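This is model-v4.cif. It holds mmCIF, C-alpha atoms.
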data_work
loop_
_atom_site.group_PDB
_atom_site.id
_atom_site.type_symbol
_atom_site.label_atom_id
_atom_site.label_comp_id
_atom_site.auth_asym_id
_atom_site.auth_seq_id
_atom_site.Cartn_x
_atom_site.Cartn_y
_atom_site.Cartn_z
ATOM 1 C CA MET H 20 103.800 108.015 114.743
ATOM 2 C CA ALA H 21 106.650 106.026 116.291
ATOM 3 C CA GLU H 22 105.090 106.288 119.732
ATOM 4 C CA ALA H 23 101.697 105.140 118.452
ATOM 5 C CA LEU H 24 103.293 102.102 116.791
ATOM 6 C CA GLY H 25 105.485 101.275 119.758
ATOM 7 C CA ALA H 26 108.456 101.610 117.413
ATOM 8 C CA ALA H 27 111.988 101.007 118.630
ATOM 9 C CA ALA H 28 113.521 103.651 116.360
ATOM 10 C CA TRP H 29 112.651 106.466 113.986
ATOM 11 C CA ARG H 30 114.294 109.247 112.027
ATOM 12 C CA PHE H 31 113.100 112.091 109.825
ATOM 13 C CA GLN H 32 115.656 113.555 107.423
ATOM 14 C CA PRO H 33 114.780 116.829 105.653
ATOM 15 C CA ALA H 34 115.875 117.347 102.062
ATOM 16 C CA LEU H 35 114.990 121.017 102.305
ATOM 17 C CA VAL H 36 114.139 123.475 105.043
ATOM 18 C CA GLY H 37 111.146 125.739 104.518
ATOM 19 C CA GLU H 38 108.133 125.111 102.276
ATOM 20 C CA PRO H 39 108.242 123.842 98.681
ATOM 21 C CA GLY H 40 106.764 126.344 96.266
ATOM 22 C CA ARG H 41 107.515 129.223 98.633
ATOM 23 C CA VAL H 42 110.677 130.033 100.577
ATOM 24 C CA TRP H 43 113.102 127.194 101.186
ATOM 25 C CA ARG H 44 116.765 126.217 101.153
ATOM 26 C CA ALA H 45 118.565 122.912 100.747
ATOM 27 C CA ALA H 46 119.038 121.061 104.015
ATOM 28 C CA THR H 47 122.601 120.186 105.001
ATOM 29 C CA GLY H 48 122.082 118.188 108.171
ATOM 30 C CA GLY H 49 123.481 121.061 110.220
ATOM 31 C CA ALA H 50 122.603 121.963 113.772
ATOM 32 C CA GLY H 51 119.291 123.706 114.298
ATOM 33 C CA GLU H 52 117.539 122.378 111.195
ATOM 34 C CA GLU H 53 115.508 119.999 113.334
ATOM 35 C CA ASN H 54 113.750 123.036 114.854
ATOM 36 C CA GLU H 55 112.633 124.422 111.462
ATOM 37 C CA PRO H 56 109.864 123.260 109.118
ATOM 38 C CA GLY H 57 111.305 120.579 106.876
ATOM 39 C CA TYR H 58 110.371 118.474 103.868
ATOM 40 C CA GLY H 59 111.961 115.078 103.315
ATOM 41 C CA VAL H 60 111.611 111.386 104.144
ATOM 42 C CA GLY H 61 111.498 109.270 107.278
ATOM 43 C CA ILE H 62 111.673 105.718 108.571
ATOM 44 C CA VAL H 63 109.818 104.254 111.546
ATOM 45 C CA SER H 64 110.932 100.785 112.674
ATOM 46 C CA ARG H 65 109.740 98.356 115.308
ATOM 47 C CA LEU H 66 113.167 96.694 115.007
ATOM 48 C CA PRO H 67 116.252 98.367 116.469
ATOM 49 C CA VAL H 68 118.344 100.381 114.025
ATOM 50 C CA GLU H 69 122.040 99.606 114.206
ATOM 51 C CA LYS H 70 123.145 102.539 112.027
ATOM 52 C CA TRP H 71 121.654 105.349 109.949
ATOM 53 C CA HIS H 72 122.963 106.460 106.531
ATOM 54 C CA VAL H 73 122.126 109.504 104.389
ATOM 55 C CA LEU H 74 122.854 110.178 100.720
ATOM 56 C CA ARG H 75 122.034 113.654 99.415
ATOM 57 C CA LEU H 76 120.993 114.066 95.773
ATOM 58 C CA ALA H 77 121.332 117.341 93.873
ATOM 59 C CA PRO H 78 118.280 118.759 92.083
ATOM 60 C CA ALA H 79 117.980 118.577 88.313
ATOM 61 C CA PRO H 80 119.567 121.593 86.594
ATOM 62 C CA VAL H 81 116.427 122.248 84.509
ATOM 63 C CA ARG H 82 112.803 123.156 85.131
ATOM 64 C CA ALA H 83 110.167 120.593 84.262
ATOM 65 C CA PRO H 84 106.417 120.819 83.546
ATOM 66 C CA VAL H 85 104.213 119.744 86.458
ATOM 67 C CA PHE H 86 100.435 119.428 86.144
ATOM 68 C CA VAL H 87 98.501 121.515 88.630
ATOM 69 C CA PRO H 88 95.900 119.530 90.638
ATOM 70 C CA GLY H 89 92.471 120.798 89.621
ATOM 71 C CA GLY H 90 94.022 122.912 86.905
ATOM 72 C CA LYS H 91 92.098 121.294 84.032
ATOM 73 C CA GLY H 92 95.221 119.843 82.460
ATOM 74 C CA ARG H 93 97.301 123.000 82.937
ATOM 75 C CA ALA H 94 101.023 122.531 83.598
ATOM 76 C CA ILE H 95 103.572 124.954 85.004
ATOM 77 C CA LEU H 96 107.373 124.889 84.826
ATOM 78 C CA LEU H 97 108.855 124.277 88.261
ATOM 79 C CA PRO H 98 112.467 124.173 89.454
ATOM 80 C CA ASP H 99 113.543 120.864 90.932
ATOM 81 C CA GLU H 100 114.290 120.349 94.618
ATOM 82 C CA PRO H 101 117.133 118.588 96.443
ATOM 83 C CA ARG H 102 116.420 114.973 97.312
ATOM 84 C CA LEU H 103 117.979 112.349 99.558
ATOM 85 C CA VAL H 104 118.036 108.681 100.469
ATOM 86 C CA LEU H 105 117.670 107.685 104.122
ATOM 87 C CA ALA H 106 118.783 104.160 105.029
ATOM 88 C CA ALA H 107 118.446 102.182 108.259
ATOM 89 C CA GLN H 108 120.591 99.145 108.971
ATOM 90 C CA LEU H 109 118.321 96.683 110.759
ATOM 91 C CA PRO H 110 119.423 93.253 112.011
ATOM 92 C CA GLY H 111 120.018 91.353 108.776
ATOM 93 C CA LEU H 112 118.325 93.908 106.501
ATOM 94 C CA LEU H 113 119.128 97.334 105.073
ATOM 95 C CA VAL H 114 116.053 99.495 104.402
ATOM 96 C CA GLY H 115 116.214 102.687 102.355
ATOM 97 C CA THR H 116 113.565 105.228 101.455
ATOM 98 C CA THR H 117 113.524 108.181 99.095
ATOM 99 C CA HIS H 118 111.365 110.621 97.129
ATOM 100 C CA LEU H 119 113.016 111.195 93.765
ATOM 101 C CA SER H 120 112.886 114.087 91.310
ATOM 102 C CA PHE H 121 109.814 114.713 89.145
ATOM 103 C CA VAL H 122 112.106 115.469 86.163
ATOM 104 C CA PRO H 123 111.850 112.550 83.697
ATOM 105 C CA GLY H 124 115.148 110.778 83.095
ATOM 106 C CA TYR H 125 116.916 112.616 85.892
ATOM 107 C CA ASN H 126 114.977 110.576 88.452
ATOM 108 C CA LEU H 127 116.313 107.389 86.825
ATOM 109 C CA LEU H 128 119.869 108.698 87.217
ATOM 110 C CA GLN H 129 119.102 109.384 90.883
ATOM 111 C CA LEU H 130 117.676 105.875 91.258
ATOM 112 C CA ARG H 131 120.785 104.243 89.812
ATOM 113 C CA ARG H 132 122.987 106.296 92.124
ATOM 114 C CA ALA H 133 120.794 105.395 95.110
ATOM 115 C CA THR H 134 120.825 101.642 94.438
ATOM 116 C CA ARG H 135 124.583 101.599 93.830
ATOM 117 C CA TRP H 136 125.136 103.502 97.077
ATOM 118 C CA LEU H 137 122.921 101.119 99.023
ATOM 119 C CA ALA H 138 124.718 98.106 97.538
ATOM 120 C CA LYS H 139 128.060 99.506 98.721
ATOM 121 C CA LEU H 140 126.800 99.821 102.303
ATOM 122 C CA GLY H 141 126.852 96.050 102.694
ATOM 123 C CA PRO H 142 126.469 92.709 100.937
ATOM 124 C CA GLY H 143 123.267 91.708 102.753
ATOM 125 C CA PRO H 144 119.664 91.996 101.572
ATOM 126 C CA CYS H 145 118.293 95.457 100.943
ATOM 127 C CA VAL H 146 114.917 97.068 100.262
ATOM 128 C CA LEU H 147 114.394 100.512 98.726
ATOM 129 C CA LEU H 148 110.920 102.025 98.899
ATOM 130 C CA GLY H 149 109.268 105.328 98.216
ATOM 131 C CA ASP H 150 107.828 107.706 95.646
ATOM 132 C CA LEU H 151 110.291 107.277 92.785
ATOM 133 C CA ASN H 152 108.273 109.451 90.383
ATOM 134 C CA VAL H 153 108.914 106.793 87.725
ATOM 135 C CA PRO H 154 105.963 104.856 86.285
ATOM 136 C CA GLY H 155 105.432 101.151 85.750
ATOM 137 C CA PRO H 156 108.305 98.653 85.477
ATOM 138 C CA PHE H 157 111.033 101.187 84.683
ATOM 139 C CA PRO H 158 112.543 101.400 88.217
ATOM 140 C CA GLY H 159 113.276 97.668 88.215
ATOM 141 C CA LEU H 160 114.614 97.767 84.666
ATOM 142 C CA ALA H 161 116.841 100.780 85.330
ATOM 143 C CA SER H 162 118.252 99.525 88.632
ATOM 144 C CA GLY H 163 118.364 95.772 88.064
ATOM 145 C CA TRP H 164 116.571 95.282 91.393
ATOM 146 C CA LYS H 165 113.478 93.146 91.843
ATOM 147 C CA SER H 166 110.096 94.859 92.175
ATOM 148 C CA LEU H 167 108.089 93.404 95.060
ATOM 149 C CA THR H 168 104.705 94.812 94.100
ATOM 150 C CA LYS H 169 102.689 95.987 91.117
ATOM 151 C CA ALA H 170 99.848 98.371 91.896
ATOM 152 C CA ARG H 171 98.542 101.702 90.670
ATOM 153 C CA THR H 172 99.181 104.307 93.355
ATOM 154 C CA TYR H 173 98.587 107.775 91.866
ATOM 155 C CA PRO H 174 96.395 109.769 92.045
ATOM 156 C CA ALA H 175 94.784 108.355 95.160
ATOM 157 C CA ASP H 176 91.189 109.139 94.177
ATOM 158 C CA ARG H 177 91.525 107.427 90.794
ATOM 159 C CA PRO H 178 94.846 105.526 90.560
ATOM 160 C CA ALA H 179 96.201 105.359 87.024
ATOM 161 C CA LEU H 180 99.971 105.012 87.510
ATOM 162 C CA GLN H 181 102.388 103.223 89.796
ATOM 163 C CA VAL H 182 105.022 105.719 90.906
ATOM 164 C CA ASP H 183 105.451 104.311 94.436
ATOM 165 C CA HIS H 184 107.667 101.245 94.457
ATOM 166 C CA VAL H 185 109.308 98.635 96.670
ATOM 167 C CA LEU H 186 112.559 97.334 95.151
ATOM 168 C CA ALA H 187 114.786 94.634 96.610
ATOM 169 C CA ARG H 188 118.105 92.868 96.154
ATOM 170 C CA GLY H 189 119.644 89.870 97.929
ATOM 171 C CA ALA H 190 118.115 86.992 99.877
ATOM 172 C CA LEU H 191 114.765 88.022 101.330
ATOM 173 C CA PRO H 192 111.810 86.056 102.714
ATOM 174 C CA PRO H 193 109.092 85.489 100.106
ATOM 175 C CA VAL H 194 106.373 88.093 99.625
ATOM 176 C CA ARG H 195 103.252 86.944 101.477
ATOM 177 C CA ARG H 196 100.904 89.798 100.611
ATOM 178 C CA THR H 197 100.833 93.144 98.858
ATOM 179 C CA ALA H 198 98.125 95.778 99.044
ATOM 180 C CA THR H 199 97.422 99.489 98.702
ATOM 181 C CA ARG H 200 95.508 101.662 101.117
ATOM 182 C CA ARG H 201 93.933 105.112 100.889
ATOM 183 C CA LEU H 202 95.117 107.414 103.668
ATOM 184 C CA PRO H 203 93.732 110.860 104.525
ATOM 185 C CA LEU H 204 97.156 112.538 104.425
ATOM 186 C CA SER H 205 98.391 111.861 100.874
ATOM 187 C CA ASP H 206 97.440 112.138 97.214
ATOM 188 C CA HIS H 207 99.146 108.745 96.732
ATOM 189 C CA LEU H 208 97.974 105.342 97.910
ATOM 190 C CA ALA H 209 100.090 103.728 100.598
ATOM 191 C CA VAL H 210 101.849 100.527 99.520
ATOM 192 C CA ILE H 211 101.948 97.522 101.849
ATOM 193 C CA VAL H 212 104.343 94.586 101.387
ATOM 194 C CA GLU H 213 104.425 91.713 103.886
ATOM 195 C CA LEU H 214 107.376 89.320 103.848
ATOM 196 C CA GLY H 215 107.111 85.778 105.210
ATOM 197 C CA ASP H 216 109.559 83.181 106.490
ATOM 198 C CA GLY H 217 111.941 81.185 104.351
ATOM 199 C CA PRO H 218 114.646 82.210 101.842
ATOM 200 C CA ASN H 219 113.840 83.763 98.505
ATOM 201 C CA VAL H 220 116.935 84.851 96.615
ATOM 202 C CA SER H 221 116.392 87.741 94.233
ATOM 203 C CA LYS H 222 118.866 88.898 91.630
ATOM 204 C CA PRO H 223 121.293 90.578 91.706
#
Here is the file; what I need is its structure written in the form of structure tokens.
Amino acid sequence: MAEALGAAAWRFQPALVGEPGRVWRAATGGAGEENEPGYGVGIVSRLPVEKWHVLRLAPAPVRAPVFVPGGKGRAILLPDEPRLVLAAQLPGLLVGTTHLSFVPGYNLLQLRRATRWLAKLGPGPCVLLGDLNVPGPFPGLASGWKSLTKARTYPADRPALQVDHVLARGALPPVRRTATRRLPLSDHLAVIVELGDGPNVSKP
């Protein structure tokens, strides 16, 4: 993907090694994991990355009901998985991405930890994006960060909920355009946010 985009930098960081729902173990960042199947998050950037940061998040200690696609409303109890936040320090902007727990409430605790961690990495502007598994306006309310887009993203064939978010803090250029796009590789819609020139200070 990075090569196709002519990107200056990229990184994939696995949260677990193996296959969810089958045999897997929590990733540690140790040697050799890059040669095994992994499940996690990544960042591709056309801008050079000055430094990478990783925050690992423990799974919820309880099982939670998850609806089975095509299961006619049937839900099964699944154990949670380890999660992480991957952050890239770009020139003048810190960008983080994550995929939070599907356990209600616990994902909000993870979000608050993630945003506090990102804020401690530097005083400059920051954007956090990804599948937060939290619907509607709650990510912005729980974190105190500004939401840059409002759009239903899940499920992709008939979007009913927004669980994919772009949150921001600090002085950022104004939002020029937001959109969603159906891609052949996900059951979520992709979220697009374009930032323009000129200051736009968001709180906090």
Output check: residues returned by the PyMOL selection byres ((chain H and resi 102-111) around 8), as a PyMOL selection string: chain H and resi 32+34-35+59-62+66-78+100-101+112-120+133+137+143-144
Ground truth for the PyMOL selection byres ((chain H and resi 199) around 10), written as a count of residues only: 17
Atomic separation - atom CA of Gly141 of chain H relative to atom CA of Trp29 of chain H, Å: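 Atom-to-atom, atom CA of Trp29 of chain H and atom CA of Gly141 of chain H are spaced 20.9 Å apart.
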Nearest residue to Arg82 of chain H from the set H:Ile95, H:Ala50, H:Val153, H:Ala45 (distances using only C-alpha atoms):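 Closest residue, counting only C-alpha atoms: H:Ile95.
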Within 8 Å of Pro98 of chain H using only C-alpha atoms, minus same-chain residues under 6 positions, as a ChimeraX atom specification: /H:79,81-83
Pairwise distance for atom CA of Pro178 of chain H and atom CA of Gly215 of chain H, rounded to one decimal in Å: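 Between atom CA of Pro178 of chain H and atom CA of Gly215 of chain H the gap is 27.5 Å.
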Selection under test: the PyMOL selection byres ((chain H and resi 183) around 8); residues as a list in words: Leu148, Gly149, Asp150, Leu151, Asn152, Val153, Thr172, Gln181, Val182, His184, Val185 and Val210 of chain H
For atom CA of Leu186 of chain H and atom CA of Pro39 of chain H, the interatomic separation in Å (one decimal): 27.1 Å
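With only C-alpha atoms as the atoms that count, the residue of H:Gly159, H:Lys139, H:Asn54, H:Cys145 with the shortest distance to Leu127 of chain H is H:Gly159.
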Would you pick out the contacts of Gly37 of chain H at 12 Å or less, using only C-alpha atoms, so that residues sharing its chain but fewer than 3 positions from it are not included, and give the list as a PDB file with C-alpha atoms, keeping the file's coordinate frame?
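As written to disk, part-v7.pdb reads:
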ATOM      1  CA  PRO H  33     114.780 116.829 105.653  1.00  0.00           C
ATOM      2  CA  ALA H  34     115.875 117.347 102.062  1.00  0.00           C
ATOM      3  CA  GLY H  40     106.764 126.344  96.266  1.00  0.00           C
ATOM      4  CA  ARG H  41     107.515 129.223  98.633  1.00  0.00           C
ATOM      5  CA  VAL H  42     110.677 130.033 100.577  1.00  0.00           C
ATOM      6  CA  TRP H  43     113.102 127.194 101.186  1.00  0.00           C
ATOM      7  CA  ARG H  44     116.765 126.217 101.153  1.00  0.00           C
ATOM      8  CA  ALA H  45     118.565 122.912 100.747  1.00  0.00           C
ATOM      9  CA  ALA H  46     119.038 121.061 104.015  1.00  0.00           C
ATOM     10  CA  GLU H  52     117.539 122.378 111.195  1.00  0.00           C
ATOM     11  CA  GLU H  53     115.508 119.999 113.334  1.00  0.00           C
ATOM     12  CA  ASN H  54     113.750 123.036 114.854  1.00  0.00           C
ATOM     13  CA  GLU H  55     112.633 124.422 111.462  1.00  0.00           C
ATOM     14  CA  PRO H  56     109.864 123.260 109.118  1.00  0.00           C
ATOM     15  CA  GLY H  57     111.305 120.579 106.876  1.00  0.00           C
ATOM     16  CA  TYR H  58     110.371 118.474 103.868  1.00  0.00           C
ATOM     17  CA  GLY H  59     111.961 115.078 103.315  1.00  0.00           C
ATOM     18  CA  GLU H 100     114.290 120.349  94.618  1.00  0.00           C
TER      19      GLU H 100
END
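Considering the residues H:Leu191, H:Val36, H:Val63, H:Ala94 and counting only C-alpha atoms, Met20 of chain H has its shortest atom-to-atom contact with H:Val63.
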Closest of H:Gly189, H:Gly48, H:Gly25, H:Pro84 to Ser64 of chain H - atom-to-atom distances counting all atoms listed in the file: H:Gly25
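Checking H:Asp216, H:Asp206, H:Glu22, H:Asp99 one by one against Pro123 of chain H, counting all atoms listed in the file, you find the shortest gap at H:Asp99.
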What are the centre and edge lengths in Å, to one decimal, of the axis-aligned box around all listed atoms of segment 206-218 of chain H with 6 Å added on each side, as JSON?
{"center_x": 106.0, "center_y": 96.7, "center_z": 101.6, "size_x": 29.2, "size_y": 43.0, "size_z": 21.8}
As a PDB file, in the frame of the given file, could you write out segment 116-140 of chain H once it has been completed with N, CA and C atoms?
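File rebuild_35.pdb, as written:
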ATOM      1  N   THR H 116     114.758 104.558 101.984  1.00  0.00           N
ATOM      2  CA  THR H 116     113.565 105.228 101.455  1.00  0.00           C
ATOM      3  C   THR H 116     113.983 106.533 100.800  1.00  0.00           C
ATOM      4  N   THR H 117     113.202 106.956  99.808  1.00  0.00           N
ATOM      5  CA  THR H 117     113.524 108.181  99.095  1.00  0.00           C
ATOM      6  C   THR H 117     112.279 108.740  98.414  1.00  0.00           C
ATOM      7  N   HIS H 118     112.382 109.964  97.958  1.00  0.00           N
ATOM      8  CA  HIS H 118     111.365 110.621  97.129  1.00  0.00           C
ATOM      9  C   HIS H 118     112.145 111.318  96.026  1.00  0.00           C
ATOM     10  N   LEU H 119     112.143 110.730  94.831  1.00  0.00           N
ATOM     11  CA  LEU H 119     113.016 111.195  93.765  1.00  0.00           C
ATOM     12  C   LEU H 119     112.414 112.359  92.983  1.00  0.00           C
ATOM     13  N   SER H 120     113.253 112.937  92.122  1.00  0.00           N
ATOM     14  CA  SER H 120     112.886 114.087  91.310  1.00  0.00           C
ATOM     15  C   SER H 120     111.696 113.793  90.410  1.00  0.00           C
ATOM     16  N   PHE H 121     110.912 114.846  90.096  1.00  0.00           N
ATOM     17  CA  PHE H 121     109.814 114.713  89.145  1.00  0.00           C
ATOM     18  C   PHE H 121     110.288 114.944  87.712  1.00  0.00           C
ATOM     19  N   VAL H 122     111.568 115.219  87.500  1.00  0.00           N
ATOM     20  CA  VAL H 122     112.106 115.469  86.163  1.00  0.00           C
ATOM     21  C   VAL H 122     112.373 114.134  85.468  1.00  0.00           C
ATOM     22  N   PRO H 123     111.679 113.840  84.370  1.00  0.00           N
ATOM     23  CA  PRO H 123     111.850 112.550  83.697  1.00  0.00           C
ATOM     24  C   PRO H 123     113.297 112.326  83.268  1.00  0.00           C
ATOM     25  N   GLY H 124     113.778 111.114  83.453  1.00  0.00           N
ATOM     26  CA  GLY H 124     115.148 110.778  83.095  1.00  0.00           C
ATOM     27  C   GLY H 124     116.114 111.068  84.221  1.00  0.00           C
ATOM     28  N   TYR H 125     116.027 112.270  84.786  1.00  0.00           N
ATOM     29  CA  TYR H 125     116.916 112.616  85.892  1.00  0.00           C
ATOM     30  C   TYR H 125     116.610 111.762  87.115  1.00  0.00           C
ATOM     31  N   ASN H 126     115.319 111.431  87.314  1.00  0.00           N
ATOM     32  CA  ASN H 126     114.977 110.576  88.452  1.00  0.00           C
ATOM     33  C   ASN H 126     115.551 109.162  88.284  1.00  0.00           C
ATOM     34  N   LEU H 127     115.692 108.693  87.045  1.00  0.00           N
ATOM     35  CA  LEU H 127     116.313 107.389  86.825  1.00  0.00           C
ATOM     36  C   LEU H 127     117.809 107.424  87.152  1.00  0.00           C
ATOM     37  N   LEU H 128     118.461 108.539  86.831  1.00  0.00           N
ATOM     38  CA  LEU H 128     119.869 108.698  87.217  1.00  0.00           C
ATOM     39  C   LEU H 128     120.005 108.700  88.740  1.00  0.00           C
ATOM     40  N   GLN H 129     119.089 109.385  89.425  1.00  0.00           N
ATOM     41  CA  GLN H 129     119.102 109.384  90.883  1.00  0.00           C
ATOM     42  C   GLN H 129     118.877 107.976  91.434  1.00  0.00           C
ATOM     43  N   LEU H 130     117.965 107.232  90.806  1.00  0.00           N
ATOM     44  CA  LEU H 130     117.676 105.875  91.258  1.00  0.00           C
ATOM     45  C   LEU H 130     118.900 104.982  91.121  1.00  0.00           C
ATOM     46  N   ARG H 131     119.589 105.068  90.004  1.00  0.00           N
ATOM     47  CA  ARG H 131     120.785 104.243  89.812  1.00  0.00           C
ATOM     48  C   ARG H 131     121.861 104.609  90.830  1.00  0.00           C
ATOM     49  N   ARG H 132     122.008 105.893  91.115  1.00  0.00           N
ATOM     50  CA  ARG H 132     122.987 106.296  92.124  1.00  0.00           C
ATOM     51  C   ARG H 132     122.587 105.778  93.496  1.00  0.00           C
ATOM     52  N   ALA H 133     121.282 105.848  93.808  1.00  0.00           N
ATOM     53  CA  ALA H 133     120.794 105.395  95.110  1.00  0.00           C
ATOM     54  C   ALA H 133     121.022 103.903  95.302  1.00  0.00           C
ATOM     55  N   THR H 134     120.685 103.089  94.289  1.00  0.00           N
ATOM     56  CA  THR H 134     120.825 101.642  94.438  1.00  0.00           C
ATOM     57  C   THR H 134     122.303 101.234  94.508  1.00  0.00           C
ATOM     58  N   ARG H 135     123.148 101.905  93.753  1.00  0.00           N
ATOM     59  CA  ARG H 135     124.583 101.599  93.830  1.00  0.00           C
ATOM     60  C   ARG H 135     125.138 101.959  95.204  1.00  0.00           C
ATOM     61  N   TRP H 136     124.687 103.079  95.746  1.00  0.00           N
ATOM     62  CA  TRP H 136     125.136 103.502  97.077  1.00  0.00           C
ATOM     63  C   TRP H 136     124.681 102.515  98.134  1.00  0.00           C
ATOM     64  N   LEU H 137     123.435 102.092  98.057  1.00  0.00           N
ATOM     65  CA  LEU H 137     122.921 101.119  99.023  1.00  0.00           C
ATOM     66  C   LEU H 137     123.683  99.801  98.932  1.00  0.00           C
ATOM     67  N   ALA H 138     123.994  99.361  97.716  1.00  0.00           N
ATOM     68  CA  ALA H 138     124.718  98.106  97.538  1.00  0.00           C
ATOM     69  C   ALA H 138     126.111  98.176  98.161  1.00  0.00           C
ATOM     70  N   LYS H 139     126.723  99.354  98.151  1.00  0.00           N
ATOM     71  CA  LYS H 139     128.060  99.506  98.721  1.00  0.00           C
ATOM     72  C   LYS H 139     128.048  99.530 100.246  1.00  0.00           C
ATOM     73  N   LEU H 140     126.871  99.772 100.845  1.00  0.00           N
ATOM     74  CA  LEU H 140     126.800  99.821 102.303  1.00  0.00           C
ATOM     75  C   LEU H 140     126.944  98.440 102.930  1.00  0.00           C
TER      76      LEU H 140
END
